[in-house]
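Below is target-v3.cif, holding mmCIF, C-alpha atoms.
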```cif
data_structure
loop_
_atom_site.label_atom_id
_atom_site.label_comp_id
_atom_site.auth_asym_id
_atom_site.auth_seq_id
_atom_site.Cartn_x
_atom_site.Cartn_y
_atom_site.Cartn_z
CA MET Z 11 19.65 -13.70 -9.83
CA LYS Z 12 16.16 -14.73 -10.89
CA ASN Z 13 13.33 -12.35 -10.15
CA GLU Z 14 11.66 -15.16 -8.23
CA SER Z 15 14.39 -14.94 -5.59
CA GLN Z 16 13.69 -11.28 -4.81
CA LYS Z 17 10.57 -12.09 -2.82
CA ASN Z 18 12.55 -14.50 -0.63
CA ALA Z 19 15.33 -11.94 -0.23
CA PHE Z 20 12.88 -9.31 1.00
CA LEU Z 21 11.23 -11.73 3.41
CA LYS Z 22 14.57 -12.88 4.80
CA TYR Z 23 16.59 -9.68 4.90
CA GLU Z 24 14.27 -6.70 4.71
CA ALA Z 25 10.85 -7.32 6.31
CA ASP Z 26 11.97 -7.05 9.95
CA ALA Z 27 14.88 -4.75 9.07
CA TRP Z 28 12.52 -2.22 7.46
CA PHE Z 29 10.41 -2.14 10.61
CA GLU Z 30 13.43 -1.57 12.85
CA ARG Z 31 14.82 1.11 10.53
CA ASN Z 32 11.53 3.02 10.49
CA LYS Z 33 10.30 2.32 14.01
CA SER Z 34 10.99 5.84 15.27
CA VAL Z 35 8.89 7.28 12.44
CA LEU Z 36 6.05 4.91 13.20
CA LEU Z 37 6.13 5.82 16.87
CA ASN Z 38 5.57 9.47 15.89
CA TYR Z 39 2.67 8.62 13.59
CA SER Z 40 -0.28 11.02 13.60
CA LYS Z 41 -3.49 10.27 11.78
CA ASP Z 42 -4.03 14.01 11.38
CA ARG Z 43 -0.94 14.20 9.12
CA ASP Z 44 -1.78 11.08 7.12
CA ARG Z 45 -2.84 11.92 3.56
CA VAL Z 46 -4.56 8.55 3.19
CA ILE Z 47 -6.85 9.19 6.14
CA THR Z 48 -7.39 12.78 5.00
CA LEU Z 49 -8.61 11.47 1.64
CA ILE Z 50 -10.97 8.98 3.29
CA ASN Z 51 -12.42 11.82 5.36
CA GLU Z 52 -12.57 14.37 2.53
CA TYR Z 53 -14.44 11.98 0.24
CA ASP Z 54 -16.72 10.94 3.14
CA LEU Z 55 -16.20 7.28 2.31
CA GLN Z 56 -17.55 5.85 5.60
CA PRO Z 57 -15.87 2.45 5.18
CA LYS Z 58 -17.13 -0.68 6.91
CA SER Z 59 -14.11 -2.79 5.95
CA VAL Z 60 -10.54 -1.77 5.13
CA LEU Z 61 -7.50 -3.80 4.12
CA GLU Z 62 -4.01 -2.34 4.16
CA ILE Z 63 -1.33 -4.31 2.33
CA GLY Z 64 2.06 -3.63 3.88
CA CYS Z 65 0.50 -2.31 7.07
CA SER Z 66 3.65 -2.61 9.23
CA ALA Z 67 2.58 -2.30 12.89
CA GLY Z 68 -0.92 -1.08 11.97
CA CYS Z 69 -0.67 2.59 12.98
CA ARG Z 70 -2.75 3.80 10.04
CA LEU Z 71 -5.38 1.12 10.57
CA LYS Z 72 -5.65 2.12 14.23
CA GLY Z 73 -6.12 5.72 13.06
CA ILE Z 74 -8.94 4.65 10.74
CA LYS Z 75 -10.56 2.62 13.52
CA ASP Z 76 -10.44 5.61 15.85
CA ILE Z 77 -12.52 7.61 13.36
CA TYR Z 78 -14.80 4.88 11.99
CA LYS Z 79 -15.67 2.89 15.07
CA GLU Z 80 -17.69 0.22 13.25
CA CYS Z 81 -15.09 -0.38 10.56
CA LEU Z 82 -13.28 -3.72 10.45
CA VAL Z 83 -9.59 -3.00 9.87
CA ASN Z 84 -7.30 -5.67 8.44
CA GLY Z 85 -3.62 -5.65 7.64
CA VAL Z 86 -1.28 -7.90 5.67
CA GLU Z 87 2.36 -7.64 6.65
CA PRO Z 88 5.40 -9.95 6.21
CA SER Z 89 7.36 -8.74 9.26
CA ASN Z 90 7.11 -10.80 12.44
CA ASP Z 91 8.47 -7.90 14.47
CA ALA Z 92 5.98 -5.40 13.08
CA ILE Z 93 3.02 -7.70 13.70
CA GLY Z 94 4.26 -8.50 17.19
CA TYR Z 95 4.45 -4.82 18.04
CA GLY Z 96 1.09 -4.17 16.43
CA LYS Z 97 -0.70 -6.91 18.33
CA MET Z 98 0.68 -5.55 21.61
CA HIS Z 99 -0.46 -1.97 20.94
CA PHE Z 100 -3.34 -2.12 18.46
CA SER Z 101 -5.63 -4.98 19.40
CA GLU Z 102 -8.37 -3.62 17.15
CA VAL Z 103 -6.40 -4.56 14.03
CA ASN Z 104 -6.77 -7.99 12.44
CA PHE Z 105 -3.22 -8.85 11.35
CA VAL Z 106 -2.40 -11.50 8.76
CA GLN Z 107 1.21 -12.39 8.18
CA GLY Z 108 1.79 -12.73 4.48
CA THR Z 109 2.47 -11.03 1.19
CA ALA Z 110 0.39 -9.27 -1.43
CA ASP Z 111 0.39 -12.13 -3.91
CA ASN Z 112 -1.74 -14.29 -1.60
CA LEU Z 113 -4.74 -12.66 0.07
CA ALA Z 114 -6.56 -15.96 0.60
CA ALA Z 115 -7.49 -14.90 4.14
CA PHE Z 116 -10.02 -12.46 2.63
CA GLU Z 117 -13.14 -13.23 0.64
CA ASP Z 118 -13.97 -11.95 -2.82
CA GLY Z 119 -15.39 -8.42 -2.79
CA SER Z 120 -15.12 -8.13 0.98
CA MET Z 121 -13.34 -4.75 1.27
CA ASP Z 122 -14.71 -1.22 0.91
CA ILE Z 123 -11.17 0.19 0.76
CA VAL Z 124 -7.84 -1.42 -0.09
CA ILE Z 125 -4.67 0.56 0.71
CA VAL Z 126 -1.36 -0.40 -0.90
CA GLY Z 127 1.41 1.69 0.57
CA PHE Z 128 4.97 1.47 -0.80
CA VAL Z 129 4.56 -2.16 -1.85
CA PHE Z 130 4.27 -2.29 -5.64
CA TYR Z 131 7.77 -0.90 -6.19
CA VAL Z 132 9.47 -3.92 -4.60
CA ILE Z 133 7.28 -6.66 -6.03
CA ASP Z 134 8.89 -9.16 -8.39
CA ARG Z 135 7.90 -8.35 -11.96
CA ASP Z 136 6.83 -11.93 -12.61
CA ILE Z 137 4.14 -11.79 -9.91
CA VAL Z 138 3.04 -8.17 -10.14
CA PHE Z 139 -0.14 -9.07 -12.05
CA LYS Z 140 -0.90 -11.76 -9.49
CA VAL Z 141 -0.77 -9.05 -6.83
CA ILE Z 142 -3.00 -6.79 -8.91
CA SER Z 143 -5.44 -9.67 -9.39
CA GLU Z 144 -5.58 -10.32 -5.64
CA VAL Z 145 -6.14 -6.63 -4.88
CA ASP Z 146 -8.94 -6.52 -7.43
CA ARG Z 147 -10.47 -9.75 -6.12
CA VAL Z 148 -10.90 -8.60 -2.53
CA LEU Z 149 -12.07 -5.06 -3.40
CA LYS Z 150 -15.81 -4.85 -3.92
CA ASN Z 151 -17.29 -3.21 -6.99
CA GLY Z 152 -17.77 0.44 -6.09
CA GLY Z 153 -14.92 0.23 -3.62
CA ILE Z 154 -11.88 2.48 -3.31
CA LEU Z 155 -8.24 1.65 -3.99
CA ILE Z 156 -5.60 3.95 -2.51
CA ILE Z 157 -2.04 3.55 -3.79
CA VAL Z 158 0.96 5.22 -2.16
CA ASP Z 159 4.17 4.71 -4.10
CA PHE Z 160 7.12 6.48 -5.62
CA PHE Z 161 6.36 8.98 -8.37
CA SER Z 162 8.24 8.48 -11.59
CA GLU Z 163 8.25 10.36 -14.87
CA LYS Z 164 9.16 7.03 -16.55
CA ALA Z 165 9.54 3.39 -15.61
CA LEU Z 166 12.78 2.90 -13.69
CA LYS Z 167 14.64 -0.11 -12.33
CA ASN Z 168 17.06 0.69 -9.52
CA THR Z 169 19.24 -1.34 -7.19
CA TYR Z 170 17.57 -1.70 -3.81
CA GLU Z 171 20.24 -0.34 -1.50
CA HIS Z 172 19.07 -1.84 1.78
CA ILE Z 173 19.72 -5.45 0.77
CA LYS Z 174 23.40 -6.27 0.34
CA GLU Z 175 23.19 -10.06 0.23
CA PHE Z 176 21.31 -10.20 -3.09
CA SER Z 177 20.99 -8.01 -6.15
CA ALA Z 178 17.48 -6.86 -5.29
CA PHE Z 179 15.73 -4.11 -7.22
CA SER Z 180 13.04 -1.49 -6.94
CA PHE Z 181 10.72 -0.64 -9.80
CA LYS Z 182 9.38 2.90 -9.99
CA GLN Z 183 6.39 3.65 -12.18
CA ASN Z 184 2.93 5.14 -11.79
CA TYR Z 185 1.02 2.07 -10.69
CA ASP Z 186 -2.40 3.69 -10.82
CA GLU Z 187 -2.06 3.63 -14.63
CA ILE Z 188 -2.15 -0.18 -14.64
CA PHE Z 189 -5.58 -0.09 -13.01
CA THR Z 190 -7.02 2.81 -15.00
CA SER Z 191 -5.90 1.29 -18.32
CA SER Z 192 -8.36 -1.55 -17.67
CA LYS Z 193 -11.26 0.93 -17.79
CA LEU Z 194 -12.54 -0.74 -14.64
CA TYR Z 195 -10.90 1.77 -12.31
CA TYR Z 196 -11.20 5.55 -12.38
CA LEU Z 197 -8.75 8.03 -10.93
CA LEU Z 198 -10.56 10.41 -8.59
CA ASP Z 199 -7.61 12.03 -6.84
CA ARG Z 200 -3.83 12.16 -7.19
CA SER Z 201 -1.31 14.30 -5.35
CA THR Z 202 2.48 14.35 -5.51
CA TRP Z 203 4.67 14.84 -2.44
CA ASN Z 204 8.29 15.44 -1.57
CA HIS Z 205 9.44 12.21 0.03
CA THR Z 206 11.93 13.85 2.37
CA GLN Z 207 9.92 16.84 3.54
CA LYS Z 208 6.42 15.30 3.21
CA VAL Z 209 4.99 18.39 1.51
CA LEU Z 210 3.23 18.85 -1.82
CA ASP Z 211 5.88 19.16 -4.53
CA ALA Z 212 5.63 20.56 -8.07
CA SER Z 213 9.39 20.72 -8.60
CA ASP Z 214 11.39 18.77 -11.19
CA ASN Z 215 13.13 16.73 -8.49
CA TYR Z 216 11.49 13.52 -9.68
CA HIS Z 217 13.83 11.31 -7.70
CA ASP Z 218 12.48 12.43 -4.32
CA LYS Z 219 8.75 12.25 -4.91
CA TYR Z 220 5.89 9.94 -4.10
CA SER Z 221 2.25 10.03 -5.11
CA VAL Z 222 -1.00 9.22 -3.34
CA SER Z 223 -3.70 8.06 -5.76
CA LEU Z 224 -7.36 7.33 -5.02
CA LEU Z 225 -9.23 5.19 -7.52
CA LYS Z 226 -12.80 3.95 -7.67
CA LYS Z 227 -13.60 0.47 -8.95
CA ASP Z 228 -16.61 0.48 -11.26
CA ILE Z 229 -16.81 -2.49 -13.60
CA SER Z 230 -19.81 -1.16 -15.51
CA ALA Z 231 -19.07 2.52 -16.10
CA SER Z 232 -17.20 2.09 -19.38
CA TYR Z 233 -19.87 -0.13 -20.91
CA ARG Z 234 -22.99 1.94 -20.39
#
```
Target format structure tokens, applied to this file:
Amino acid sequence: MKNESQKNAFLKYEADAWFERNKSVLLNYSKDRDRVITLINEYDLQPKSVLEIGCSAGCRLKGIKDIYKECLVNGVEPSNDAIGYGKMHFSEVNFVQGTADNLAAFEDGSMDIVIVGFVFYVIDRDIVFKVISEVDRVLKNGGILIIVDFFSEKALKNTYEHIKEFSAFSFKQNYDEIFTSSKLYYLLDRSTWNHTQKVLDASDNYHDKYSVSLLKKDISASYR
């Protein structure tokens, strides 16, 4: 199948299904165990505006709002079911139904922090730079980008097992490197975790790892 069809396959078969499959995990969410929120606190970022792409029901955004009362928290999510649940339980979150390749609901340079959690690995390869462009557009200069995605020692293309109706794929690579190679983003923090046990992992079990990367956007630093 064409790569273009993968986006439609995910919207049709996986968006709501992912939410239902992971609902029990989301219901047990704790901001105190969330590495993303820990990083925001440890770096004392004090955000006034946050966008999470692939926010699901908005649990993390609610956790951020609980800590930073004045922060405007926004989430983009394709799942009707996830947004419906989120609107019922987390009224503080501004939900936008959509996908990462179109962030037209948000103005240029409007976000202090953009979080992209387990999204890049399922994006069609023919629109991945469009997604990157949209992320960059809405993040202000001096802002923070946090990427959570699968760790990989090399670029890998795997069959996406949760969709049976189409030959959908996942693409594992270290996505922070795309941003840092531009010399407009700088890696400040990166940790690698065991995906199953959710603990820091230095083992050679590369197939069960994910990384959390924190980058700073600074479009002038390399040209001083």
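Those residues returned by the PyMOL selection byres ((chain Z and resi 150-166) around 6) for this file are Z:Gly119, Z:Ser120, Z:Met121, Z:Asp122, Z:Ile123, Z:Val124, Z:Ile125, Z:Val126, Z:Gly127, Z:Phe128, Z:Leu149, Z:Lys167, Z:Phe181, Z:Lys182, Z:Gln183, Z:Lys219, Z:Tyr220, Z:Ser221, Z:Val222, Z:Ser223, Z:Leu224, Z:Leu225, Z:Lys226, Z:Lys227, Z:Asp228.
Against this structure, the PyMOL selection byres ((chain Z and resi 37) around 12) ends up with Z:Phe29, Z:Glu30, Z:Arg31, Z:Asn32, Z:Lys33, Z:Ser34, Z:Val35, Z:Leu36, Z:Asn38, Z:Tyr39, Z:Ser40, Z:Lys41, Z:Ser66, Z:Ala67, Z:Gly68, Z:Cys69, Z:Arg70, Z:Ala92, Z:Tyr95, Z:Gly96, Z:His99.
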Using all atoms listed in the file, tabulate the residues of segment 107-146 of chain Z lying at most 9 Å from any atom of segment 81-91 of chain Z, each with its closest atom pair and that distance in Å to one decimal, by chain and increasing residue number, as a Markdown table.
```
| residue | atom | partner | partner_atom | distance |
| --- | --- | --- | --- | --- |
| Z:Gln107 | CA | Z:Glu87 | CA | 5.1 |
| Z:Gly108 | CA | Z:Pro88 | CA | 4.9 |
| Z:Thr109 | CA | Z:Pro88 | CA | 5.9 |
| Z:Ala110 | CA | Z:Val86 | CA | 7.4 |
| Z:Leu113 | CA | Z:Val86 | CA | 8.1 |
```
Contacts of Lys208 of chain Z at 12 Å (all atoms listed in the file; same-chain gap of 3+ positions) as a ChimeraX atom specification:
/Z:43-45,201-205,211,218-222
Given all atoms listed in the file as the basis, pick out the residue of Z:Glu80, Z:Glu102, Z:Asp134, Z:Glu187 nearest to Lys17 of chain Z.
Z:Asp134
Quick one: residues within 12 Å of Ile137 of chain Z, all atoms listed in the file, excluding same-chain residues fewer than 3 positions away - as a PDB file with C-alpha atoms, in the frame of the given file?
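File selection18.pdb, as written:
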```pdb
ATOM      1  CA  ASN Z  13      13.330 -12.350 -10.150  1.00  0.00           C
ATOM      2  CA  GLU Z  14      11.660 -15.160  -8.230  1.00  0.00           C
ATOM      3  CA  SER Z  15      14.390 -14.940  -5.590  1.00  0.00           C
ATOM      4  CA  GLN Z  16      13.690 -11.280  -4.810  1.00  0.00           C
ATOM      5  CA  LYS Z  17      10.570 -12.090  -2.820  1.00  0.00           C
ATOM      6  CA  THR Z 109       2.470 -11.030   1.190  1.00  0.00           C
ATOM      7  CA  ALA Z 110       0.390  -9.270  -1.430  1.00  0.00           C
ATOM      8  CA  ASP Z 111       0.390 -12.130  -3.910  1.00  0.00           C
ATOM      9  CA  ASN Z 112      -1.740 -14.290  -1.600  1.00  0.00           C
ATOM     10  CA  PHE Z 130       4.270  -2.290  -5.640  1.00  0.00           C
ATOM     11  CA  VAL Z 132       9.470  -3.920  -4.600  1.00  0.00           C
ATOM     12  CA  ILE Z 133       7.280  -6.660  -6.030  1.00  0.00           C
ATOM     13  CA  ASP Z 134       8.890  -9.160  -8.390  1.00  0.00           C
ATOM     14  CA  LYS Z 140      -0.900 -11.760  -9.490  1.00  0.00           C
ATOM     15  CA  VAL Z 141      -0.770  -9.050  -6.830  1.00  0.00           C
ATOM     16  CA  ILE Z 142      -3.000  -6.790  -8.910  1.00  0.00           C
ATOM     17  CA  SER Z 143      -5.440  -9.670  -9.390  1.00  0.00           C
ATOM     18  CA  GLU Z 144      -5.580 -10.320  -5.640  1.00  0.00           C
TER      19      GLU Z 144
END
```
Compile the contact shell of His172 of chain Z as a PyMOL selection string: residues with an atom at most 10 Å away, counting all atoms listed in the file, same-chain residues fewer than 3 positions apart removed.
chain Z and resi 20+23-24+27-28+169+175-176+178-179
Of the listed residues Z:Asp26, Z:Asp146, Z:Glu117, Z:Asp136, that which approaches Phe189 of chain Z most closely, counting only C-alpha atoms
Z:Asp146
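The gap separating atom CA of Lys72 of chain Z from atom CA of Ser59 of chain Z is 12.8 Å, in Å to one decimal.
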Expressed in Å to a single decimal, how great is the separation between atom CA of Ser180 of chain Z and atom CA of Tyr131 of chain Z?
5.4 Å
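Straight-line separation from atom CA of Ile47 of chain Z to atom CA of Ile74 of chain Z: 6.8 Å.
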What would segment 20-49 of chain Z look like with N, CA and C atoms in place, written as a PDB file, keeping the file's coordinate frame?
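New file part_26.pdb:
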```pdb
ATOM      1  N   PHE Z  20      13.576 -10.325   0.206  1.00  0.00           N
ATOM      2  CA  PHE Z  20      12.880  -9.310   1.000  1.00  0.00           C
ATOM      3  C   PHE Z  20      12.330  -9.910   2.288  1.00  0.00           C
ATOM      4  N   LEU Z  21      11.767 -11.093   2.204  1.00  0.00           N
ATOM      5  CA  LEU Z  21      11.230 -11.730   3.410  1.00  0.00           C
ATOM      6  C   LEU Z  21      12.337 -12.030   4.414  1.00  0.00           C
ATOM      7  N   LYS Z  22      13.489 -12.474   3.911  1.00  0.00           N
ATOM      8  CA  LYS Z  22      14.570 -12.880   4.800  1.00  0.00           C
ATOM      9  C   LYS Z  22      15.358 -11.721   5.360  1.00  0.00           C
ATOM     10  N   TYR Z  23      15.655 -10.724   4.518  1.00  0.00           N
ATOM     11  CA  TYR Z  23      16.590  -9.680   4.900  1.00  0.00           C
ATOM     12  C   TYR Z  23      15.962  -8.313   5.166  1.00  0.00           C
ATOM     13  N   GLU Z  24      14.762  -8.069   4.666  1.00  0.00           N
ATOM     14  CA  GLU Z  24      14.270  -6.700   4.710  1.00  0.00           C
ATOM     15  C   GLU Z  24      12.990  -6.500   5.512  1.00  0.00           C
ATOM     16  N   ALA Z  25      12.143  -7.513   5.651  1.00  0.00           N
ATOM     17  CA  ALA Z  25      10.850  -7.320   6.310  1.00  0.00           C
ATOM     18  C   ALA Z  25      11.023  -6.772   7.727  1.00  0.00           C
ATOM     19  N   ASP Z  26      11.735  -7.509   8.578  1.00  0.00           N
ATOM     20  CA  ASP Z  26      11.970  -7.050   9.950  1.00  0.00           C
ATOM     21  C   ASP Z  26      12.917  -5.858   9.989  1.00  0.00           C
ATOM     22  N   ALA Z  27      13.906  -5.847   9.087  1.00  0.00           N
ATOM     23  CA  ALA Z  27      14.880  -4.750   9.070  1.00  0.00           C
ATOM     24  C   ALA Z  27      14.200  -3.427   8.731  1.00  0.00           C
ATOM     25  N   TRP Z  28      13.238  -3.453   7.804  1.00  0.00           N
ATOM     26  CA  TRP Z  28      12.520  -2.220   7.460  1.00  0.00           C
ATOM     27  C   TRP Z  28      11.784  -1.688   8.687  1.00  0.00           C
ATOM     28  N   PHE Z  29      11.154  -2.570   9.421  1.00  0.00           N
ATOM     29  CA  PHE Z  29      10.410  -2.140  10.610  1.00  0.00           C
ATOM     30  C   PHE Z  29      11.357  -1.503  11.627  1.00  0.00           C
ATOM     31  N   GLU Z  30      12.485  -2.126  11.876  1.00  0.00           N
ATOM     32  CA  GLU Z  30      13.430  -1.570  12.850  1.00  0.00           C
ATOM     33  C   GLU Z  30      13.992  -0.237  12.371  1.00  0.00           C
ATOM     34  N   ARG Z  31      14.254  -0.121  11.084  1.00  0.00           N
ATOM     35  CA  ARG Z  31      14.820   1.110  10.530  1.00  0.00           C
ATOM     36  C   ARG Z  31      13.834   2.267  10.601  1.00  0.00           C
ATOM     37  N   ASN Z  32      12.553   1.972  10.525  1.00  0.00           N
ATOM     38  CA  ASN Z  32      11.530   3.020  10.490  1.00  0.00           C
ATOM     39  C   ASN Z  32      10.688   3.093  11.763  1.00  0.00           C
ATOM     40  N   LYS Z  33      11.102   2.394  12.786  1.00  0.00           N
ATOM     41  CA  LYS Z  33      10.300   2.320  14.010  1.00  0.00           C
ATOM     42  C   LYS Z  33      10.092   3.681  14.648  1.00  0.00           C
ATOM     43  N   SER Z  34      11.116   4.527  14.647  1.00  0.00           N
ATOM     44  CA  SER Z  34      10.990   5.840  15.270  1.00  0.00           C
ATOM     45  C   SER Z  34       9.964   6.699  14.541  1.00  0.00           C
ATOM     46  N   VAL Z  35       9.894   6.546  13.219  1.00  0.00           N
ATOM     47  CA  VAL Z  35       8.890   7.280  12.440  1.00  0.00           C
ATOM     48  C   VAL Z  35       7.500   6.788  12.781  1.00  0.00           C
ATOM     49  N   LEU Z  36       7.359   5.483  12.877  1.00  0.00           N
ATOM     50  CA  LEU Z  36       6.050   4.910  13.200  1.00  0.00           C
ATOM     51  C   LEU Z  36       5.583   5.330  14.582  1.00  0.00           C
ATOM     52  N   LEU Z  37       6.504   5.435  15.508  1.00  0.00           N
ATOM     53  CA  LEU Z  37       6.130   5.820  16.870  1.00  0.00           C
ATOM     54  C   LEU Z  37       5.648   7.266  16.933  1.00  0.00           C
ATOM     55  N   ASN Z  38       6.020   8.077  15.955  1.00  0.00           N
ATOM     56  CA  ASN Z  38       5.570   9.470  15.890  1.00  0.00           C
ATOM     57  C   ASN Z  38       4.414   9.655  14.913  1.00  0.00           C
ATOM     58  N   TYR Z  39       3.771   8.561  14.543  1.00  0.00           N
ATOM     59  CA  TYR Z  39       2.670   8.620  13.590  1.00  0.00           C
ATOM     60  C   TYR Z  39       1.512   9.456  14.137  1.00  0.00           C
ATOM     61  N   SER Z  40       0.920  10.251  13.260  1.00  0.00           N
ATOM     62  CA  SER Z  40      -0.280  11.020  13.600  1.00  0.00           C
ATOM     63  C   SER Z  40      -1.295  10.878  12.486  1.00  0.00           C
ATOM     64  N   LYS Z  41      -2.472  10.424  12.806  1.00  0.00           N
ATOM     65  CA  LYS Z  41      -3.490  10.270  11.780  1.00  0.00           C
ATOM     66  C   LYS Z  41      -3.883  11.603  11.168  1.00  0.00           C
ATOM     67  N   ASP Z  42      -3.683  12.682  11.892  1.00  0.00           N
ATOM     68  CA  ASP Z  42      -4.030  14.010  11.380  1.00  0.00           C
ATOM     69  C   ASP Z  42      -3.087  14.464  10.270  1.00  0.00           C
ATOM     70  N   ARG Z  43      -1.907  13.847  10.168  1.00  0.00           N
ATOM     71  CA  ARG Z  43      -0.940  14.200   9.120  1.00  0.00           C
ATOM     72  C   ARG Z  43      -0.888  13.147   8.008  1.00  0.00           C
ATOM     73  N   ASP Z  44      -1.792  12.190   8.069  1.00  0.00           N
ATOM     74  CA  ASP Z  44      -1.780  11.080   7.120  1.00  0.00           C
ATOM     75  C   ASP Z  44      -2.675  11.405   5.932  1.00  0.00           C
ATOM     76  N   ARG Z  45      -2.079  11.563   4.759  1.00  0.00           N
ATOM     77  CA  ARG Z  45      -2.840  11.920   3.560  1.00  0.00           C
ATOM     78  C   ARG Z  45      -3.889  10.870   3.224  1.00  0.00           C
ATOM     79  N   VAL Z  46      -3.596   9.611   3.485  1.00  0.00           N
ATOM     80  CA  VAL Z  46      -4.560   8.550   3.190  1.00  0.00           C
ATOM     81  C   VAL Z  46      -5.838   8.740   4.001  1.00  0.00           C
ATOM     82  N   ILE Z  47      -5.682   8.981   5.298  1.00  0.00           N
ATOM     83  CA  ILE Z  47      -6.850   9.190   6.140  1.00  0.00           C
ATOM     84  C   ILE Z  47      -7.552  10.492   5.784  1.00  0.00           C
ATOM     85  N   THR Z  48      -6.783  11.522   5.435  1.00  0.00           N
ATOM     86  CA  THR Z  48      -7.390  12.780   5.000  1.00  0.00           C
ATOM     87  C   THR Z  48      -8.281  12.558   3.779  1.00  0.00           C
ATOM     88  N   LEU Z  49      -7.815  11.756   2.828  1.00  0.00           N
ATOM     89  CA  LEU Z  49      -8.610  11.470   1.640  1.00  0.00           C
ATOM     90  C   LEU Z  49      -9.898  10.721   2.002  1.00  0.00           C
TER      91      LEU Z  49
END
```
